[in-house]
file start-v2.tsv (TSV, C-alpha atoms and all ligand atoms)
chain	number	residue	atom	x	y	z
A	1	MET	CA	0.00	0.00	0.00
A	2	LYS	CA	2.70	2.40	1.05
A	3	HIS	CA	4.74	1.47	-2.02
A	4	THR	CA	1.79	2.05	-4.30
A	5	ARG	CA	1.22	5.51	-2.91
A	6	LEU	CA	4.89	6.36	-3.30
A	7	LEU	CA	4.82	5.21	-6.93
A	8	ILE	CA	1.74	7.31	-7.69
A	9	THR	CA	3.29	10.35	-6.04
A	10	THR	CA	6.47	9.87	-8.05
A	11	LEU	CA	4.58	9.50	-11.32
A	12	ALA	CA	2.54	12.61	-10.59
A	13	ALA	CA	5.71	14.56	-9.86
A	14	LEU	CA	7.31	13.31	-13.09
A	15	SER	CA	4.36	14.28	-15.25
A	16	LEU	CA	4.16	17.68	-13.56
A	17	SER	CA	7.78	18.44	-14.32
A	18	ALA	CA	7.31	17.29	-17.92
A	19	PHE	CA	4.36	19.65	-18.22
A	20	ALA	CA	6.32	22.54	-16.71
A	21	GLN	CA	9.07	22.01	-19.28
A	22	ASP	CA	6.63	21.81	-22.18
A	23	ALA	CA	4.95	25.04	-21.11
A	24	ASP	CA	8.22	26.86	-21.73
A	25	VAL	CA	8.50	25.55	-25.26
A	26	ALA	CA	6.70	27.15	-28.19
A	27	THR	CA	5.48	24.25	-30.30
A	28	ILE	CA	4.74	25.27	-33.87
A	29	GLU	CA	3.58	23.30	-36.87
A	30	LEU	CA	3.85	24.79	-40.33
A	31	LYS	CA	2.27	23.20	-43.38
A	32	PRO	CA	1.73	24.23	-46.97
A	33	HIS	CA	-1.45	26.26	-47.27
A	34	ALA	CA	-4.34	23.95	-48.20
A	35	GLN	CA	-5.48	26.06	-51.17
A	36	ASN	CA	-2.30	27.88	-52.07
A	37	PRO	CA	0.52	25.39	-52.71
A	38	LEU	CA	3.04	28.25	-52.65
A	39	GLY	CA	2.24	29.53	-49.21
A	40	TYR	CA	2.59	28.42	-45.62
A	41	ASP	CA	-0.60	27.84	-43.66
A	42	LYS	CA	0.61	30.43	-41.14
A	43	THR	CA	2.12	33.75	-42.15
A	44	GLU	CA	2.52	35.03	-38.60
A	45	LEU	CA	4.06	33.31	-35.61
A	46	SER	CA	4.64	34.68	-32.12
A	47	VAL	CA	7.27	33.58	-29.61
A	48	LYS	CA	8.94	35.08	-26.57
A	49	ALA	CA	12.50	36.33	-26.77
A	50	GLY	CA	14.88	33.56	-25.76
A	51	GLN	CA	12.10	30.95	-25.70
A	52	LYS	CA	12.79	27.40	-26.79
A	53	VAL	CA	11.01	26.70	-30.05
A	54	LYS	CA	10.11	23.32	-31.47
A	55	LEU	CA	9.03	23.80	-35.07
A	56	THR	CA	7.75	21.10	-37.38
A	57	LEU	CA	7.52	21.60	-41.11
A	58	ASN	CA	4.82	19.11	-42.06
A	59	ASN	CA	4.77	18.94	-45.83
A	60	THR	CA	1.40	17.26	-46.24
A	61	GLY	CA	-2.04	18.31	-47.41
A	62	SER	CA	-1.04	20.42	-50.40
A	63	ILE	CA	-3.12	20.36	-53.58
A	64	ALA	CA	0.16	20.50	-55.55
A	65	PRO	CA	2.83	18.68	-53.53
A	66	GLN	CA	6.38	19.93	-53.86
A	67	PRO	CA	9.48	20.24	-51.70
A	68	HIS	CA	9.65	23.07	-49.17
A	69	ASN	CA	11.96	24.28	-46.46
A	70	PHE	CA	11.87	26.84	-43.66
A	71	LEU	CA	14.51	29.47	-43.01
A	72	LEU	CA	14.28	32.03	-40.22
A	73	VAL	CA	16.43	35.04	-41.02
A	74	LYS	CA	17.50	38.31	-39.43
A	75	PRO	CA	15.14	41.30	-39.61
A	76	GLY	CA	15.33	43.07	-42.97
A	77	LYS	CA	17.04	40.16	-44.74
A	78	LEU	CA	14.02	38.63	-46.49
A	79	ASP	CA	14.63	40.14	-49.94
A	80	ALA	CA	18.38	39.52	-49.92
A	81	VAL	CA	18.03	35.86	-48.92
A	82	GLY	CA	15.14	35.40	-51.37
A	83	ALA	CA	17.23	36.74	-54.25
A	84	LEU	CA	20.11	34.42	-53.33
A	85	ALA	CA	17.64	31.51	-53.21
A	86	ASN	CA	16.29	32.18	-56.69
A	87	ALA	CA	19.85	32.35	-58.03
A	88	MET	CA	20.37	28.78	-56.81
A	89	LEU	CA	18.17	27.56	-59.64
A	90	ALA	CA	21.36	27.65	-61.72
A	91	ASP	CA	23.30	25.59	-59.16
A	92	PRO	CA	23.39	21.89	-60.11
A	93	GLN	CA	24.02	21.14	-56.42
A	94	GLY	CA	21.04	23.25	-55.33
A	95	MET	CA	18.83	20.34	-54.33
A	96	ALA	CA	21.67	18.67	-52.40
A	97	LYS	CA	22.22	21.95	-50.55
A	98	SER	CA	18.49	22.10	-49.67
A	99	TYR	CA	18.50	25.39	-51.63
A	100	ILE	CA	20.12	27.09	-48.67
A	101	PRO	CA	22.43	29.73	-50.15
A	102	GLU	CA	25.95	29.71	-48.73
A	103	ALA	CA	26.00	33.52	-48.78
A	104	ALA	CA	22.83	33.64	-46.67
A	105	LYS	CA	24.27	31.66	-43.78
A	106	PRO	CA	25.41	34.71	-41.74
A	107	ASP	CA	21.78	35.91	-41.78
A	108	LEU	CA	20.30	32.52	-40.97
A	109	LEU	CA	18.94	31.93	-37.44
A	110	ALA	CA	17.29	28.53	-37.88
A	111	ASN	CA	16.34	26.26	-40.75
A	112	THR	CA	15.05	22.90	-41.84
A	113	LYS	CA	16.49	21.00	-44.74
A	114	LEU	CA	14.43	20.60	-47.90
A	115	VAL	CA	11.39	18.55	-46.89
A	116	GLN	CA	9.92	16.37	-49.63
A	117	PRO	CA	6.14	15.95	-50.02
A	118	ASN	CA	4.62	13.79	-47.29
A	119	GLN	CA	7.69	14.18	-45.12
A	120	THR	CA	8.16	16.19	-41.96
A	121	GLU	CA	11.13	17.64	-40.18
A	122	THR	CA	11.22	19.01	-36.64
A	123	ILE	CA	13.85	21.46	-35.53
A	124	GLU	CA	14.55	22.96	-32.13
A	125	PHE	CA	16.13	26.32	-31.60
A	126	THR	CA	16.16	29.24	-29.21
A	127	ALA	CA	14.17	32.29	-30.27
A	128	PRO	CA	16.26	35.44	-30.76
A	129	ALA	CA	17.03	37.36	-27.56
A	130	GLU	CA	16.15	40.63	-29.28
A	131	GLU	CA	12.54	41.61	-29.83
A	132	GLY	CA	11.56	42.20	-33.42
A	133	ASP	CA	9.94	40.87	-36.56
A	134	TYR	CA	11.97	38.04	-38.02
A	135	PRO	CA	11.08	36.94	-41.55
A	136	TYR	CA	10.85	33.30	-42.53
A	137	LEU	CA	10.71	31.89	-46.02
A	138	CYS	CA	10.97	28.84	-48.22
A	139	THR	CA	14.06	29.05	-50.43
A	140	PHE	CA	13.03	26.47	-53.01
A	141	PRO	CA	13.63	28.65	-56.09
A	142	GLY	CA	10.56	30.69	-56.99
A	143	HIS	CA	8.69	30.05	-53.77
A	144	TRP	CA	9.78	32.80	-51.42
A	145	LEU	CA	7.75	35.68	-52.88
A	146	LEU	CA	4.60	33.91	-51.69
A	147	MET	CA	5.94	31.36	-49.25
A	148	LYS	CA	6.98	33.59	-46.40
A	149	GLY	CA	5.88	34.93	-43.06
A	150	VAL	CA	6.95	36.82	-39.98
A	151	MET	CA	7.88	35.50	-36.57
A	152	HIS	CA	7.11	38.16	-33.97
A	153	VAL	CA	9.56	37.97	-31.09
A	154	THR	CA	8.26	39.76	-28.00
A	155	LYS	CA	9.41	40.19	-24.41
A	201	CU	CU	8.38	26.09	-50.81
call {"tool": "encode", "arguments": {"input": "start-v2.tsv", "output": "structure tokens"}}
result
Amino acid sequence: MKHTRLLITTLAALSLSAFAQDADVATIELKPHAQNPLGYDKTELSVKAGQKVKLTLNNTGSIAPQPHNFLLVKPGKLDAVGALANAMLADPQGMAKSYIPEAAKPDLLANTKLVQPNQTETIEFTAPAEEGDYPYLCTFPGHWLLMKGVMHVTK
């Protein structure tokens, strides 16, 4: 009897601590937009500065399946990274590089690899410490003009 109670107490404590940890994590799922195959289903995300973020790019449910990725970049860098991404169309190694431009890496805060249709990838990262609006985009050539959004980082 005593042992049973101890076990229950321990389990309750374990699940409580797991919950406390999860509450600190921003869990985000991004998918292709159901009607617009060249858009994310969410164009705005909100996280707290310095928060742990668990982001899943779930590439399912599109009416026109194609590969996509997710890149979070520094404020103001959307157009520059997008232009570099489109230029990768001419790179025979583009697909192998997940269409992540080498020259964009200093502006890159987090990213998935290229996720094929019906695949998912989950990444974990720490949200920027600075408040601001951080653009995200898909750098598969031609996608970024429509496939983009903003992650609002707040205190
Ligand atoms: Cu895309």
call {"tool": "residues_near_ligand", "arguments": {"input": "start-v2.tsv", "ligand": "ligand CU 201 (chain A)", "cutoff": "10 Å", "atoms": "only C-alpha atoms and all ligand atoms", "output": "count of residues only"}}
result
27
call {"tool": "residues_near_point", "arguments": {"input": "start-v2.tsv", "point": "(14.2, 33.5, -40.2)", "cutoff": "6 Å", "atoms": "all atoms listed in the file", "output": "list of chain:residue names"}}
result
A:Leu71, A:Leu72, A:Val73, A:Lys74, A:Leu109, A:Tyr134, A:Pro135, A:Tyr136
call {"tool": "atom_distance", "arguments": {"input": "start-v2.tsv", "atom1": "CA of Ile28 in chain A", "atom2": "CA of Lys42 in chain A"}}
result
9.8 Å
call {"tool": "atom_distance", "arguments": {"input": "start-v2.tsv", "atom1": "CA of Asp41 in chain A", "atom2": "CA of Ala127 in chain A"}}
result
20.4 Å
call {"tool": "closest_residue", "arguments": {"input": "start-v2.tsv", "among": "A:Leu108, A:Leu45, A:Leu30, A:Leu55", "to": "Thr122 in chain A", "atoms": "all atoms listed in the file"}}
result
A:Leu55
call {"tool": "atom_distance", "arguments": {"input": "start-v2.tsv", "atom1": "CA of Ala83 in chain A", "atom2": "CA of Gln51 in chain A"}}
result
29.6 Å
call {"tool": "closest_residue", "arguments": {"input": "start-v2.tsv", "among": "A:Thr112, A:Thr56, A:Thr43, A:Asn118", "to": "Ala26 in chain A", "atoms": "only C-alpha atoms"}}
result
A:Thr56
call {"tool": "residues_near_point", "arguments": {"input": "start-v2.tsv", "point": "(21.4, 24.7, -54.1)", "cutoff": "12 Å", "atoms": "only C-alpha atoms", "output": "ChimeraX atom specification"}}
result
/A:84-104,113-114,139-141
call {"tool": "closest_residue", "arguments": {"input": "start-v2.tsv", "among": "A:Ile63, A:Ile123, A:Ala49, A:Val150", "to": "Thr27 in chain A", "atoms": "all atoms listed in the file"}}
result
A:Ile123
call {"tool": "closest_residue", "arguments": {"input": "start-v2.tsv", "among": "A:His33, A:Val25, A:Pro106, A:Lys155", "to": "Leu57 in chain A", "atoms": "all atoms listed in the file"}}
result
A:His33
call {"tool": "closest_residue", "arguments": {"input": "start-v2.tsv", "among": "A:Gln119, A:Asn111, A:Ser62, A:Ser46", "to": "Gly132 in chain A", "atoms": "only C-alpha atoms"}}
result
A:Ser46
call {"tool": "closest_residue", "arguments": {"input": "start-v2.tsv", "among": "A:Ala110, A:Val53, A:Val47, A:Ala34", "to": "His152 in chain A", "atoms": "only C-alpha atoms"}}
result
A:Val47
call {"tool": "axis_aligned_box", "arguments": {"input": "start-v2.tsv", "around": "range 57-60 of chain A", "padding_each_side": "3 Å", "output": "JSON"}}
result
{"center_x": 4.5, "center_y": 19.4, "center_z": -43.7, "size_x": 12.1, "size_y": 10.3, "size_z": 11.1}
call {"tool": "build_atoms", "arguments": {"input": "start-v2.tsv", "residues": "range 68-82 of chain A", "atoms": "N, CA and C atoms", "output": "mmCIF file, keeping the file's coordinate frame"}}
result
data_model
loop_
_atom_site.group_PDB
_atom_site.id
_atom_site.type_symbol
_atom_site.label_atom_id
_atom_site.label_comp_id
_atom_site.auth_asym_id
_atom_site.auth_seq_id
_atom_site.Cartn_x
_atom_site.Cartn_y
_atom_site.Cartn_z
ATOM 1 N N HIS A 68 9.599 21.765 -49.831
ATOM 2 C CA HIS A 68 9.650 23.070 -49.170
ATOM 3 C C HIS A 68 10.681 23.020 -48.047
ATOM 4 N N ASN A 69 11.136 24.192 -47.661
ATOM 5 C CA ASN A 69 11.960 24.280 -46.460
ATOM 6 C C ASN A 69 11.491 25.472 -45.634
ATOM 7 N N PHE A 70 12.194 25.721 -44.559
ATOM 8 C CA PHE A 70 11.870 26.840 -43.660
ATOM 9 C C PHE A 70 13.185 27.460 -43.226
ATOM 10 N N LEU A 71 13.332 28.746 -43.486
ATOM 11 C CA LEU A 71 14.510 29.470 -43.010
ATOM 12 C C LEU A 71 14.041 30.691 -42.229
ATOM 13 N N LEU A 72 14.543 30.825 -41.029
ATOM 14 C CA LEU A 72 14.280 32.030 -40.220
ATOM 15 C C LEU A 72 15.518 32.913 -40.361
ATOM 16 N N VAL A 73 15.290 34.167 -40.760
ATOM 17 C CA VAL A 73 16.430 35.040 -41.020
ATOM 18 C C VAL A 73 16.347 36.319 -40.192
ATOM 19 N N LYS A 74 17.440 37.065 -40.204
ATOM 20 C CA LYS A 74 17.500 38.310 -39.430
ATOM 21 C C LYS A 74 16.538 39.344 -39.999
ATOM 22 N N PRO A 75 16.051 40.253 -39.140
ATOM 23 C CA PRO A 75 15.140 41.300 -39.610
ATOM 24 C C PRO A 75 15.740 42.042 -40.809
ATOM 25 N N GLY A 76 14.897 42.300 -41.805
ATOM 26 C CA GLY A 76 15.330 43.070 -42.970
ATOM 27 C C GLY A 76 16.055 42.271 -44.032
ATOM 28 N N LYS A 77 16.236 40.967 -43.820
ATOM 29 C CA LYS A 77 17.040 40.160 -44.740
ATOM 30 C C LYS A 77 16.204 39.301 -45.699
ATOM 31 N N LEU A 78 14.890 39.470 -45.654
ATOM 32 C CA LEU A 78 14.020 38.630 -46.490
ATOM 33 C C LEU A 78 14.376 38.740 -47.980
ATOM 34 N N ASP A 79 14.408 39.952 -48.496
ATOM 35 C CA ASP A 79 14.630 40.140 -49.940
ATOM 36 C C ASP A 79 16.007 39.637 -50.363
ATOM 37 N N ALA A 80 17.020 39.914 -49.560
ATOM 38 C CA ALA A 80 18.380 39.520 -49.920
ATOM 39 C C ALA A 80 18.500 37.990 -49.958
ATOM 40 N N VAL A 81 17.946 37.322 -48.957
ATOM 41 C CA VAL A 81 18.030 35.860 -48.920
ATOM 42 C C VAL A 81 17.163 35.264 -50.040
ATOM 43 N N GLY A 82 16.012 35.872 -50.294
ATOM 44 C CA GLY A 82 15.140 35.400 -51.370
ATOM 45 C C GLY A 82 15.833 35.482 -52.725
#
